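Participant: Below is the file final_36.pdb, with PDB, C-alpha atoms and all ligand atoms.
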ATOM      1  CA  MET A   1     -10.002  13.215 -14.038
ATOM      2  CA  THR A   2      -7.333  12.480 -16.609
ATOM      3  CA  GLY A   3      -6.417  16.142 -16.857
ATOM      4  CA  LEU A   4      -5.337  16.124 -13.232
ATOM      5  CA  HIS A   5      -2.551  13.707 -14.030
ATOM      6  CA  ARG A   6      -1.191  15.632 -16.969
ATOM      7  CA  VAL A   7       2.237  17.028 -16.294
ATOM      8  CA  SER A   8       2.267  20.745 -16.784
ATOM      9  CA  GLU A   9       5.240  22.186 -18.593
ATOM     10  CA  ALA A  10       4.914  25.519 -16.866
ATOM     11  CA  ALA A  11       4.414  24.585 -13.251
ATOM     12  CA  PRO A  12       4.916  21.616 -10.971
ATOM     13  CA  ASP A  13       1.879  19.390 -10.438
ATOM     14  CA  VAL A  14       0.253  20.398  -7.180
ATOM     15  CA  THR A  15      -2.955  18.437  -7.591
ATOM     16  CA  ASN A  16      -1.903  15.729  -5.142
ATOM     17  CA  GLN A  17      -2.430  18.001  -2.175
ATOM     18  CA  ASP A  18      -5.952  16.660  -1.697
ATOM     19  CA  GLY A  19      -4.616  13.139  -1.229
ATOM     20  CA  LEU A  20      -6.616  11.792  -4.143
ATOM     21  CA  HIS A  21      -3.705  11.728  -6.484
ATOM     22  CA  ALA A  22      -0.877  10.443  -4.362
ATOM     23  CA  PRO A  23       1.951   8.797  -6.298
ATOM     24  CA  GLU A  24       0.616   5.688  -7.962
ATOM     25  CA  THR A  25       2.485   2.578  -8.913
ATOM     26  CA  ASP A  26       1.997   1.234 -12.382
ATOM     27  CA  ASP A  27       1.769  -2.403 -11.325
ATOM     28  CA  GLY A  28      -2.032  -2.163 -11.091
ATOM     29  CA  LEU A  29      -1.980  -3.174  -7.448
ATOM     30  CA  ALA A  30      -3.745  -1.439  -4.587
ATOM     31  CA  ILE A  31      -2.077  -3.670  -1.980
ATOM     32  CA  LYS A  32       1.114  -5.680  -2.246
ATOM     33  CA  VAL A  33       2.309  -7.947   0.574
ATOM     34  CA  ARG A  34       5.576  -9.867   0.335
ATOM     35  CA  GLY A  35       7.187 -12.322   2.727
ATOM     36  CA  LEU A  36       5.010 -11.348   5.679
ATOM     37  CA  ARG A  37       5.755 -12.958   9.019
ATOM     38  CA  ASN A  38       3.709 -12.322  12.156
ATOM     39  CA  ALA A  39       4.152 -14.135  15.469
ATOM     40  CA  PHE A  40       2.865 -13.709  18.998
ATOM     41  CA  GLY A  41       5.494 -15.306  21.206
ATOM     42  CA  ALA A  42       5.980 -18.834  19.932
ATOM     43  CA  GLN A  43       2.735 -18.758  17.953
ATOM     44  CA  VAL A  44       3.529 -18.061  14.308
ATOM     45  CA  ILE A  45       0.484 -16.617  12.556
ATOM     46  CA  HIS A  46       1.894 -15.782   9.122
ATOM     47  CA  ASP A  47       5.065 -16.946   7.439
ATOM     48  CA  GLN A  48       6.214 -16.118   3.908
ATOM     49  CA  LEU A  49       2.775 -14.705   3.128
ATOM     50  CA  ASP A  50       2.362 -12.951  -0.223
ATOM     51  CA  LEU A  51      -0.787 -11.187  -1.400
ATOM     52  CA  ASP A  52      -1.721  -8.944  -4.313
ATOM     53  CA  VAL A  53      -4.922  -6.929  -4.347
ATOM     54  CA  ARG A  54      -5.631  -5.398  -7.739
ATOM     55  CA  ARG A  55      -6.996  -1.921  -8.124
ATOM     56  CA  GLY A  56     -10.776  -1.886  -8.421
ATOM     57  CA  GLU A  57     -11.386  -5.477  -7.393
ATOM     58  CA  ILE A  58     -13.359  -6.857  -4.485
ATOM     59  CA  LEU A  59     -11.098  -9.491  -2.999
ATOM     60  CA  GLY A  60     -12.593 -11.885  -0.480
ATOM     61  CA  VAL A  61     -10.322 -13.354   2.198
ATOM     62  CA  VAL A  62     -11.354 -16.672   3.730
ATOM     63  CA  GLY A  63      -9.761 -19.050   6.174
ATOM     64  CA  GLY A  64     -10.608 -20.941   9.320
ATOM     65  CA  SER A  65     -11.199 -19.065  12.558
ATOM     66  CA  GLY A  66      -7.893 -17.964  14.051
ATOM     67  CA  THR A  67      -5.888 -18.352  10.820
ATOM     68  CA  GLY A  68      -4.920 -14.684  10.970
ATOM     69  CA  LYS A  69      -7.294 -12.832   8.676
ATOM     70  CA  SER A  70      -7.827  -9.924  11.050
ATOM     71  CA  VAL A  71      -4.125  -9.829  11.918
ATOM     72  CA  LEU A  72      -3.370  -9.633   8.189
ATOM     73  CA  MET A  73      -5.723  -6.671   7.806
ATOM     74  CA  ARG A  74      -4.225  -4.987  10.864
ATOM     75  CA  SER A  75      -0.739  -5.492   9.400
ATOM     76  CA  ILE A  76      -1.734  -3.907   6.099
ATOM     77  CA  ILE A  77      -3.132  -0.810   7.806
ATOM     78  CA  GLY A  78      -0.133  -0.472  10.087
ATOM     79  CA  LEU A  79      -1.744  -1.470  13.396
ATOM     80  CA  GLN A  80       0.267  -4.669  13.752
ATOM     81  CA  VAL A  81       3.991  -4.475  13.210
ATOM     82  CA  PRO A  82       5.186  -7.698  11.565
ATOM     83  CA  GLU A  83       8.480  -9.448  12.254
ATOM     84  CA  HIS A  84       9.367  -9.503   8.564
ATOM     85  CA  GLY A  85       7.971  -8.549   5.222
ATOM     86  CA  GLU A  86       7.033  -5.718   2.952
ATOM     87  CA  ILE A  87       3.615  -4.159   2.620
ATOM     88  CA  THR A  88       2.686  -1.358   0.263
ATOM     89  CA  VAL A  89      -0.656   0.314  -0.281
ATOM     90  CA  PHE A  90      -0.874   2.379  -3.473
ATOM     91  CA  GLY A  91       2.894   2.084  -3.650
ATOM     92  CA  THR A  92       3.569   3.464  -0.157
ATOM     93  CA  SER A  93       4.962   1.240   2.591
ATOM     94  CA  THR A  94       2.610   0.985   5.566
ATOM     95  CA  LEU A  95       5.131  -0.675   7.852
ATOM     96  CA  ASP A  96       6.429   2.556   9.203
ATOM     97  CA  LEU A  97       3.351   4.706   9.435
ATOM     98  CA  SER A  98       4.656   7.810  11.047
ATOM     99  CA  ASP A  99       2.843  11.073  10.660
ATOM    100  CA  ASP A 100       4.701  12.371   7.655
ATOM    101  CA  ALA A 101       2.870  13.587   4.593
ATOM    102  CA  ALA A 102       3.167  10.417   2.503
ATOM    103  CA  THR A 103       1.808   8.132   5.202
ATOM    104  CA  ARG A 104      -0.984  10.546   6.077
ATOM    105  CA  ASP A 105      -1.808  10.644   2.404
ATOM    106  CA  VAL A 106      -2.136   6.881   2.131
ATOM    107  CA  ARG A 107      -4.060   6.548   5.423
ATOM    108  CA  ARG A 108      -6.531   9.106   4.139
ATOM    109  CA  ARG A 109      -7.209   6.897   1.137
ATOM    110  CA  TRP A 110      -8.589   3.921   3.065
ATOM    111  CA  GLY A 111     -11.583   3.246   5.259
ATOM    112  CA  VAL A 112     -11.872   0.385   7.734
ATOM    113  CA  LEU A 113     -14.834  -1.543   9.097
ATOM    114  CA  PHE A 114     -13.408  -3.513  12.022
ATOM    115  CA  GLN A 115     -14.729  -6.900  13.068
ATOM    116  CA  GLY A 116     -17.641  -6.168  15.411
ATOM    117  CA  GLY A 117     -17.997  -2.576  14.262
ATOM    118  CA  ALA A 118     -15.762  -0.947  16.887
ATOM    119  CA  LEU A 119     -17.851   2.220  17.107
ATOM    120  CA  PHE A 120     -17.151   4.634  19.952
ATOM    121  CA  SER A 121     -20.014   3.878  22.319
ATOM    122  CA  THR A 122     -20.085   7.349  23.900
ATOM    123  CA  LEU A 123     -20.448   9.074  20.524
ATOM    124  CA  THR A 124     -23.520   9.206  18.305
ATOM    125  CA  VAL A 125     -23.453   7.681  14.826
ATOM    126  CA  ALA A 126     -22.889  11.115  13.280
ATOM    127  CA  GLU A 127     -20.069  11.881  15.734
ATOM    128  CA  ASN A 128     -18.478   8.498  14.985
ATOM    129  CA  VAL A 129     -18.465   9.342  11.277
ATOM    130  CA  GLN A 130     -16.936  12.730  12.048
ATOM    131  CA  VAL A 131     -13.960  11.279  13.977
ATOM    132  CA  PRO A 132     -11.758  10.492  10.948
ATOM    133  CA  ILE A 133     -12.843  13.698   9.202
ATOM    134  CA  ARG A 134     -11.796  15.809  12.204
ATOM    135  CA  GLU A 135      -8.474  13.958  12.328
ATOM    136  CA  PHE A 136      -7.567  14.774   8.743
ATOM    137  CA  TYR A 137      -9.457  18.038   8.252
ATOM    138  CA  PRO A 138      -9.388  19.821  11.627
ATOM    139  CA  GLU A 139     -10.165  23.103   9.929
ATOM    140  CA  LEU A 140     -13.673  22.063   8.870
ATOM    141  CA  GLY A 141     -16.547  23.799  10.649
ATOM    142  CA  GLN A 142     -19.278  21.945  12.537
ATOM    143  CA  GLN A 143     -21.953  22.664   9.928
ATOM    144  CA  LEU A 144     -19.880  21.052   7.183
ATOM    145  CA  LEU A 145     -19.055  18.079   9.438
ATOM    146  CA  ASP A 146     -22.773  17.643  10.120
ATOM    147  CA  ASP A 147     -23.583  17.818   6.402
ATOM    148  CA  ILE A 148     -20.864  15.313   5.429
ATOM    149  CA  SER A 149     -21.765  12.833   8.175
ATOM    150  CA  ALA A 150     -25.481  13.078   7.302
ATOM    151  CA  TYR A 151     -24.607  12.203   3.703
ATOM    152  CA  LYS A 152     -22.443   9.223   4.731
ATOM    153  CA  VAL A 153     -25.176   7.905   7.036
ATOM    154  CA  VAL A 154     -27.614   7.817   4.129
ATOM    155  CA  LEU A 155     -24.956   6.473   1.729
ATOM    156  CA  ALA A 156     -24.485   3.508   4.092
ATOM    157  CA  GLY A 157     -28.195   2.778   3.867
ATOM    158  CA  LEU A 158     -29.275   4.110   7.271
ATOM    159  CA  PRO A 159     -32.302   6.336   7.754
ATOM    160  CA  ALA A 160     -31.319   9.973   8.206
ATOM    161  CA  ASN A 161     -32.633   9.943  11.792
ATOM    162  CA  ALA A 162     -29.959   7.385  12.787
ATOM    163  CA  GLY A 163     -27.344  10.148  12.968
ATOM    164  CA  PRO A 164     -28.143  11.334  16.518
ATOM    165  CA  LYS A 165     -28.490   7.782  17.881
ATOM    166  CA  TYR A 166     -25.914   6.065  20.079
ATOM    167  CA  PRO A 167     -24.573   2.622  19.066
ATOM    168  CA  SER A 168     -26.468   1.008  21.966
ATOM    169  CA  GLU A 169     -29.707   2.249  20.386
ATOM    170  CA  LEU A 170     -29.048   0.451  17.077
ATOM    171  CA  SER A 171     -29.786  -3.060  15.852
ATOM    172  CA  GLY A 172     -26.839  -5.266  14.838
ATOM    173  CA  GLY A 173     -27.445  -4.551  11.163
ATOM    174  CA  MET A 174     -27.584  -0.806  11.814
ATOM    175  CA  VAL A 175     -24.275  -0.978  13.741
ATOM    176  CA  LYS A 176     -22.648  -2.530  10.650
ATOM    177  CA  ARG A 177     -24.041   0.233   8.466
ATOM    178  CA  ALA A 178     -22.917   2.899  10.916
ATOM    179  CA  ALA A 179     -19.437   1.373  10.878
ATOM    180  CA  LEU A 180     -19.596   1.406   7.072
ATOM    181  CA  ALA A 181     -20.618   5.074   7.136
ATOM    182  CA  ARG A 182     -17.542   5.828   9.248
ATOM    183  CA  ALA A 183     -15.347   3.754   6.890
ATOM    184  CA  LEU A 184     -16.666   5.872   3.995
ATOM    185  CA  ALA A 185     -16.079   9.146   5.837
ATOM    186  CA  LEU A 186     -12.985  10.214   3.907
ATOM    187  CA  ASP A 187     -14.176   9.128   0.436
ATOM    188  CA  PRO A 188     -11.700   6.234   0.464
ATOM    189  CA  ALA A 189     -10.321   4.545  -2.635
ATOM    190  CA  LEU A 190      -9.801   1.375  -0.605
ATOM    191  CA  LEU A 191     -12.161  -0.269   1.878
ATOM    192  CA  PHE A 192     -11.238  -2.897   4.458
ATOM    193  CA  LEU A 193     -14.251  -4.856   5.676
ATOM    194  CA  ASP A 194     -13.734  -7.448   8.417
ATOM    195  CA  GLU A 195     -16.746  -9.760   8.658
ATOM    196  CA  PRO A 196     -19.282  -7.096   7.677
ATOM    197  CA  THR A 197     -22.256  -9.482   7.527
ATOM    198  CA  ALA A 198     -21.464 -11.701  10.528
ATOM    199  CA  GLY A 199     -24.454 -11.973  12.833
ATOM    200  CA  LEU A 200     -26.943 -10.482  10.367
ATOM    201  CA  ASP A 201     -30.094 -12.293   9.320
ATOM    202  CA  PRO A 202     -29.911 -13.579   5.699
ATOM    203  CA  ILE A 203     -32.071 -10.774   4.299
ATOM    204  CA  SER A 204     -30.038  -8.025   5.983
ATOM    205  CA  ALA A 205     -26.815  -9.766   4.943
ATOM    206  CA  ALA A 206     -27.958  -9.928   1.306
ATOM    207  CA  ALA A 207     -28.939  -6.245   1.420
ATOM    208  CA  PHE A 208     -25.525  -5.382   2.865
ATOM    209  CA  ASP A 209     -23.816  -7.432   0.123
ATOM    210  CA  GLU A 210     -25.739  -5.517  -2.518
ATOM    211  CA  LEU A 211     -24.833  -2.212  -0.904
ATOM    212  CA  ILE A 212     -21.122  -3.079  -0.952
ATOM    213  CA  ARG A 213     -21.270  -4.177  -4.580
ATOM    214  CA  ASP A 214     -23.156  -0.997  -5.566
ATOM    215  CA  LEU A 215     -20.804   1.300  -3.646
ATOM    216  CA  ALA A 216     -17.747  -0.418  -5.100
ATOM    217  CA  ASP A 217     -19.133  -0.133  -8.623
ATOM    218  CA  THR A 218     -20.304   3.475  -8.373
ATOM    219  CA  LEU A 219     -17.366   4.828  -6.384
ATOM    220  CA  GLY A 220     -14.736   2.668  -8.125
ATOM    221  CA  LEU A 221     -13.492   1.239  -4.829
ATOM    222  CA  THR A 222     -10.993  -1.507  -4.158
ATOM    223  CA  VAL A 223     -12.285  -3.720  -1.346
ATOM    224  CA  LEU A 224     -10.548  -6.272   0.862
ATOM    225  CA  LEU A 225     -13.416  -8.210   2.371
ATOM    226  CA  ILE A 226     -12.809 -10.772   5.104
ATOM    227  CA  THR A 227     -15.779 -13.073   5.435
ATOM    228  CA  HIS A 228     -17.030 -16.529   6.337
ATOM    229  CA  ASP A 229     -20.220 -15.853   4.426
ATOM    230  CA  LEU A 230     -20.344 -18.085   1.352
ATOM    231  CA  ASP A 231     -23.221 -16.131  -0.172
ATOM    232  CA  THR A 232     -21.173 -12.941   0.129
ATOM    233  CA  LEU A 233     -18.212 -14.610  -1.553
ATOM    234  CA  HIS A 234     -20.358 -15.712  -4.475
ATOM    235  CA  SER A 235     -22.397 -12.560  -4.922
ATOM    236  CA  VAL A 236     -19.848  -9.821  -4.182
ATOM    237  CA  CYS A 237     -16.255 -10.927  -4.692
ATOM    238  CA  ASP A 238     -14.293 -10.814  -7.940
ATOM    239  CA  ARG A 239     -11.597 -13.083  -6.514
ATOM    240  CA  VAL A 240     -11.019 -14.904  -3.256
ATOM    241  CA  ALA A 241      -7.777 -15.474  -1.326
ATOM    242  CA  VAL A 242      -7.551 -18.521   0.920
ATOM    243  CA  LEU A 243      -5.536 -18.207   4.115
ATOM    244  CA  ALA A 244      -4.226 -21.498   5.523
ATOM    245  CA  ASP A 245      -0.932 -22.934   6.710
ATOM    246  CA  ARG A 246       0.162 -19.382   7.702
ATOM    247  CA  ARG A 247       0.015 -18.006   4.163
ATOM    248  CA  VAL A 248      -2.204 -17.393   1.159
ATOM    249  CA  ILE A 249      -2.376 -20.877  -0.321
ATOM    250  CA  ALA A 250      -4.545 -19.928  -3.305
ATOM    251  CA  ILE A 251      -6.118 -16.892  -4.913
ATOM    252  CA  GLY A 252      -8.514 -16.668  -7.833
ATOM    253  CA  THR A 253     -12.144 -16.804  -8.831
ATOM    254  CA  ILE A 254     -14.244 -19.354  -6.983
ATOM    255  CA  ASP A 255     -14.301 -21.488 -10.145
ATOM    256  CA  GLN A 256     -10.501 -21.431 -10.221
ATOM    257  CA  LEU A 257     -10.293 -22.268  -6.519
ATOM    258  CA  VAL A 258     -12.605 -25.264  -6.714
ATOM    259  CA  ALA A 259     -10.508 -26.590  -9.595
ATOM    260  CA  THR A 260      -7.622 -27.022  -7.132
ATOM    261  CA  ASP A 261      -7.477 -30.165  -5.071
ATOM    262  CA  HIS A 262      -6.618 -28.630  -1.703
ATOM    263  CA  PRO A 263      -8.769 -30.477   0.859
ATOM    264  CA  TRP A 264      -9.728 -27.362   2.870
ATOM    265  CA  ILE A 265     -10.771 -25.491  -0.288
ATOM    266  CA  GLN A 266     -12.765 -28.493  -1.486
ATOM    267  CA  GLU A 267     -14.521 -28.870   1.839
ATOM    268  CA  TYR A 268     -15.179 -25.161   2.134
ATOM    269  CA  PHE A 269     -16.608 -24.498  -1.318
ATOM    270  CA  MET A 270     -17.950 -27.940  -2.208
ATOM    271  CA  GLY A 271     -19.381 -28.947   1.179
ATOM    272  CA  PRO A 272     -23.163 -28.692   1.672
ATOM    273  CA  ARG A 273     -23.140 -24.973   2.511
ATOM    274  CA  GLY A 274     -20.733 -24.124  -0.299
ATOM    275  CA  ARG A 275     -22.854 -25.971  -2.854
ATOM    276  CA  ALA A 276     -26.040 -24.291  -1.608
ATOM    277  CA  ALA A 277     -24.419 -20.853  -1.981
ATOM    278  CA  GLN A 278     -23.223 -21.785  -5.464
ATOM    279  CA  LEU A 279     -26.730 -22.872  -6.452
ATOM    280  CA  ALA A 280     -28.238 -19.664  -5.077
ATOM    281  CA  ASP A 281     -25.695 -17.663  -7.062
ATOM    282  CA  THR A 282     -26.474 -19.566 -10.270
ATOM    283  CA  ARG A 283     -30.178 -18.893  -9.743
ATOM    284  CA  ARG A 284     -29.518 -15.223  -9.029
ATOM    285  CA  SER A 285     -27.462 -14.882 -12.191
ATOM    286  CA  ALA A 286     -30.141 -16.588 -14.240
ATOM    287  CA  GLY A 287     -32.775 -14.309 -12.751
ATOM    288  CA  ASN A 288     -34.769 -17.284 -11.479
ATOM    289  CA  SER A 289     -36.613 -17.062  -8.244
ATOM    290  CA  PRO A 290     -37.334 -20.271  -6.402
ATOM    291  CA  ASP A 291     -40.843 -21.674  -6.599
ATOM    292  CA  ILE A 292     -42.543 -20.569  -3.449
ATOM    293  CA  GLN A 293     -46.212 -21.063  -2.836
ATOM    294  CA  ALA A 294     -47.631 -18.384  -0.628
ATOM    295  CA  SER A 295     -50.493 -19.328   1.598
ATOM    296  CA  GLY A 296     -53.514 -17.143   2.198
ATOM    297  CA  GLY A 297     -54.021 -14.044   0.173
TER     298      GLY A 297
HETATM  299  N1  LIG B 301      -2.724  -8.947  19.953
HETATM  300  C1  LIG B 301      -2.608 -10.274  19.978
HETATM  301  N2  LIG B 301      -1.823 -10.892  20.880
HETATM  302  C2  LIG B 301      -1.672 -12.234  20.890
HETATM  303  N3  LIG B 301      -2.287 -13.054  20.019
HETATM  304  C3  LIG B 301      -3.075 -12.503  19.086
HETATM  305  C4  LIG B 301      -3.284 -11.091  19.014
HETATM  306  N4  LIG B 301      -4.119 -10.828  17.992
HETATM  307  C5  LIG B 301      -4.431 -12.019  17.438
HETATM  308  N5  LIG B 301      -3.803 -13.032  18.094
HETATM  309  C6  LIG B 301      -3.888 -14.460  17.762
HETATM  310  O1  LIG B 301      -3.601 -14.583  16.380
HETATM  311  C7  LIG B 301      -4.396 -15.609  15.797
HETATM  312  C8  LIG B 301      -5.099 -15.043  14.579
HETATM  313  O2  LIG B 301      -6.079 -14.105  15.019
HETATM  314  P1  LIG B 301      -7.081 -13.369  14.037
HETATM  315  O3  LIG B 301      -7.909 -12.487  14.863
HETATM  316  O4  LIG B 301      -6.312 -12.758  12.941
HETATM  317  O5  LIG B 301      -7.916 -14.599  13.461
HETATM  318  P2  LIG B 301      -9.051 -14.558  12.347
HETATM  319  O6  LIG B 301      -8.577 -15.382  11.197
HETATM  320  O7  LIG B 301      -9.441 -13.161  12.084
HETATM  321  O8  LIG B 301     -10.227 -15.357  13.103
HETATM  322  P3  LIG B 301     -11.824 -15.120  13.068
HETATM  323  O9  LIG B 301     -12.300 -15.763  11.798
HETATM  324  O10 LIG B 301     -12.293 -15.868  14.265
HETATM  325  O11 LIG B 301     -12.082 -13.663  13.155
HETATM  326  C9  LIG B 301      -5.323 -16.101  16.907
HETATM  327  O12 LIG B 301      -4.783 -17.289  17.428
HETATM  328  C10 LIG B 301      -5.283 -15.007  17.930
HETATM  329  O13 LIG B 301      -5.467 -15.525  19.213
HETATM  330 MG    MG B 302     -11.065 -11.990  12.522
END
Write the structure described by the file as structure tokens, please.
Ligand SMILES: Nc1ncnc2c1ncn2[C@@H]1O[C@H](COP(=O)(O)OP(=O)(O)OP(=O)(O)O)[C@@H](O)[C@H]1O
Ligand SMILES: [Mg+2]
Facilitator:
Amino acid sequence: MTGLHRVSEAAPDVTNQDGLHAPETDDGLAIKVRGLRNAFGAQVIHDQLDLDVRRGEILGVVGGSGTGKSVLMRSIIGLQVPEHGEITVFGTSTLDLSDDAATRDVRRRWGVLFQGGALFSTLTVAENVQVPIREFYPELGQQLLDDISAYKVVLAGLPANAGPKYPSELSGGMVKRAALARALALDPALLFLDEPTAGLDPISAAAFDELIRDLADTLGLTVLLITHDLDTLHSVCDRVAVLADRRVIAIGTIDQLVATDHPWIQEYFMGPRGRAAQLADTRRSAGNSPDIQASGG
């Protein structure tokens, strides 16, 4: 890969035409938000919000219901125009996402799993995955689209025969995976996941967590992961940002966060559920399985 970045003396560098090598900032940040303000009428959602997401990290975003986590994600990807602030993704502002080459380039580098999945109900799973590919690569033939979507379906942990199914024919866990397959459609460098494990049973949620961690590690992804799931925060995230009082009040590892004395952070991470998740994580790290006596046999 390094050779692609080398500046040729003889000819201009044309390797960024595939979108993989768009201009990169050297600040090590995938996402940079400064002074963000969002309001709906008199209701101020964000004010003076700053956020840094480092390249290659999985950053969890937590906060009470309605604190503006989804609105923050929508602002970063250009779906919600803020009143004030600056937002850059890989060094490109996303506040004015017109259809010019630079903004298309940056949009092609992210994938989004919306809260609730947001699949097109009249399209099959495979067709859903093909939507973003068709948008950016209209010249691709149907056979190639079928091959790529089949690969993404399996990459997201679905059985290959899920491709021709409609969203209404899937379980909740399969809908999340189908939405993940669509988010992975364009080989993104950056993934936005809004409550990916909400509503899943604990075993499916843990399997989804593992899938995200594995994909991030193998594909070198940066992930912004909005979640209420304490187990996910412990097992998947490198750092966690806490949204409260209309801004990011703290960001760091969970150990760093619990060392602060903010009452919401203390209650969230050190309440009964937070402590149980912490214990489970400690056990996981130590490779201990709980003592369970099976009956029968
Ligand atoms: N398009 C909109 N018009 C008006 N108000 C909105 C709009 N979108 C979001 N809001 C309001 O903004 C606030 C933040 O919403 P948001 O969906 O970001 O919360 P959240 O932190 O994601 O909550 P949850 O954890 O329940 O998903 C809420 O009070 C919501 O009602
Ligand atoms: Mg939300």
Participant: Can you work out which one of A:Leu158, A:Ala181, A:Val258, A:Leu79 has the shortest atom-to-atom distance to ligand LIG 301 (chain B), counting all atoms listed in the file?
Facilitator: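 Nearest candidate to ligand LIG 301 (chain B) out of A:Leu158, A:Ala181, A:Val258, A:Leu79: A:Leu79.
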Participant: Starting from 8 Å padding per side, set up an axis-aligned box that covers all listed atoms of ligand LIG 301 (chain B) and hand over centre and edge lengths in Å, one decimal, as JSON.
Facilitator:
{"center_x": -7.0, "center_y": -13.1, "center_z": 16.0, "size_x": 26.6, "size_y": 24.3, "size_z": 25.7}
Participant: If you count all atoms listed in the file, which residues end up within 9 Å of ligand LIG 301 (chain B), as a compact mmCIF listing (two decimals) with C-alpha atoms, in the frame of the given file?
Facilitator:
# COMPACT_ATOMS: atom_id res chain seq x y z
CA ASN A 38 3.71 -12.32 12.16
CA ALA A 39 4.15 -14.14 15.47
CA PHE A 40 2.86 -13.71 19.00
CA GLY A 41 5.49 -15.31 21.21
CA GLN A 43 2.74 -18.76 17.95
CA VAL A 44 3.53 -18.06 14.31
CA ILE A 45 0.48 -16.62 12.56
CA HIS A 46 1.89 -15.78 9.12
CA VAL A 62 -11.35 -16.67 3.73
CA GLY A 63 -9.76 -19.05 6.17
CA GLY A 64 -10.61 -20.94 9.32
CA SER A 65 -11.20 -19.07 12.56
CA GLY A 66 -7.89 -17.96 14.05
CA THR A 67 -5.89 -18.35 10.82
CA GLY A 68 -4.92 -14.68 10.97
CA LYS A 69 -7.29 -12.83 8.68
CA SER A 70 -7.83 -9.92 11.05
CA VAL A 71 -4.12 -9.83 11.92
CA LEU A 72 -3.37 -9.63 8.19
CA MET A 73 -5.72 -6.67 7.81
CA ARG A 74 -4.22 -4.99 10.86
CA GLN A 80 0.27 -4.67 13.75
CA GLN A 115 -14.73 -6.90 13.07
CA ASP A 194 -13.73 -7.45 8.42
CA GLU A 195 -16.75 -9.76 8.66
CA ILE A 226 -12.81 -10.77 5.10
CA THR A 227 -15.78 -13.07 5.44
CA HIS A 228 -17.03 -16.53 6.34
CA LEU A 243 -5.54 -18.21 4.12
Participant: Looking at only C-alpha atoms, which of A:His84, A:His234, A:Arg177, A:Arg37 is the one that sits closest to Val125 (chain A)?
Facilitator: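 Closest to Val125 (chain A) of all the choices is A:Arg177.
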Participant: Can you turn the PyMOL selection byres (((chain A and resi 49) around 7) and not hetatm) into a concrete residue list for this file, as an NGL selection string?
Facilitator: :A and (34-37 or 46-48 or 50-51 or 247-248)
Participant: Interatomic distance between CA of Leu180 (chain A) and CA of Arg284 (chain A)?
Facilitator: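 Here the two named atoms are 25.2 Å from each other.
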Participant: Give me the residues within 7 Å of Pro188 (chain A) as a list in words, counting all atoms listed in the file and dropping any in the same chain fewer than 4 places off.
Facilitator: Arg108, Arg109, Trp110, Gly111 and Leu184 of chain A
Participant: Quick one: residues within 12 Å of Leu215 (chain A), all atoms listed in the file counted, chain neighbours fewer than 4 positions away excluded, as a PyMOL selection string?
Facilitator: chain A and resi 56+58+152+155-157+180-181+184+187-191+208-211+219-223+236
Participant: Next, the residues of the selection above should be written as a short mmCIF file (atom, residue, chain, number, x, y, z; two decimals), keeping the file's coordinate frame with C-alpha atoms.
Facilitator:
data_model
loop_
_atom_site.label_atom_id
_atom_site.label_comp_id
_atom_site.auth_asym_id
_atom_site.auth_seq_id
_atom_site.Cartn_x
_atom_site.Cartn_y
_atom_site.Cartn_z
CA GLY A 56 -10.78 -1.89 -8.42
CA ILE A 58 -13.36 -6.86 -4.49
CA LYS A 152 -22.44 9.22 4.73
CA LEU A 155 -24.96 6.47 1.73
CA ALA A 156 -24.48 3.51 4.09
CA GLY A 157 -28.20 2.78 3.87
CA LEU A 180 -19.60 1.41 7.07
CA ALA A 181 -20.62 5.07 7.14
CA LEU A 184 -16.67 5.87 4.00
CA ASP A 187 -14.18 9.13 0.44
CA PRO A 188 -11.70 6.23 0.46
CA ALA A 189 -10.32 4.54 -2.64
CA LEU A 190 -9.80 1.38 -0.60
CA LEU A 191 -12.16 -0.27 1.88
CA PHE A 208 -25.52 -5.38 2.86
CA ASP A 209 -23.82 -7.43 0.12
CA GLU A 210 -25.74 -5.52 -2.52
CA LEU A 211 -24.83 -2.21 -0.90
CA LEU A 219 -17.37 4.83 -6.38
CA GLY A 220 -14.74 2.67 -8.12
CA LEU A 221 -13.49 1.24 -4.83
CA THR A 222 -10.99 -1.51 -4.16
CA VAL A 223 -12.28 -3.72 -1.35
CA VAL A 236 -19.85 -9.82 -4.18
#
Participant: What separation in Å, quoted to one decimal, exists between CA of Leu224 (chain A) and CA of Phe192 (chain A)?
Facilitator: 5.0 Å
Participant: Do you know which residues are at most 12 Å from Gln278 (chain A) counting all atoms listed in the file, after dropping those on the same chain fewer than 5 positions away, and could you put them as a tab-separated table (two decimals) with C-alpha atoms, in the coordinates of the input?
Facilitator:
chain	number	residue	atom	x	y	z
A	229	ASP	CA	-20.22	-15.85	4.43
A	230	LEU	CA	-20.34	-18.08	1.35
A	231	ASP	CA	-23.22	-16.13	-0.17
A	232	THR	CA	-21.17	-12.94	0.13
A	233	LEU	CA	-18.21	-14.61	-1.55
A	234	HIS	CA	-20.36	-15.71	-4.47
A	235	SER	CA	-22.40	-12.56	-4.92
A	254	ILE	CA	-14.24	-19.35	-6.98
A	255	ASP	CA	-14.30	-21.49	-10.14
A	258	VAL	CA	-12.60	-25.26	-6.71
A	268	TYR	CA	-15.18	-25.16	2.13
A	269	PHE	CA	-16.61	-24.50	-1.32
A	270	MET	CA	-17.95	-27.94	-2.21
A	271	GLY	CA	-19.38	-28.95	1.18
A	272	PRO	CA	-23.16	-28.69	1.67
A	273	ARG	CA	-23.14	-24.97	2.51
A	283	ARG	CA	-30.18	-18.89	-9.74
A	284	ARG	CA	-29.52	-15.22	-9.03
A	285	SER	CA	-27.46	-14.88	-12.19
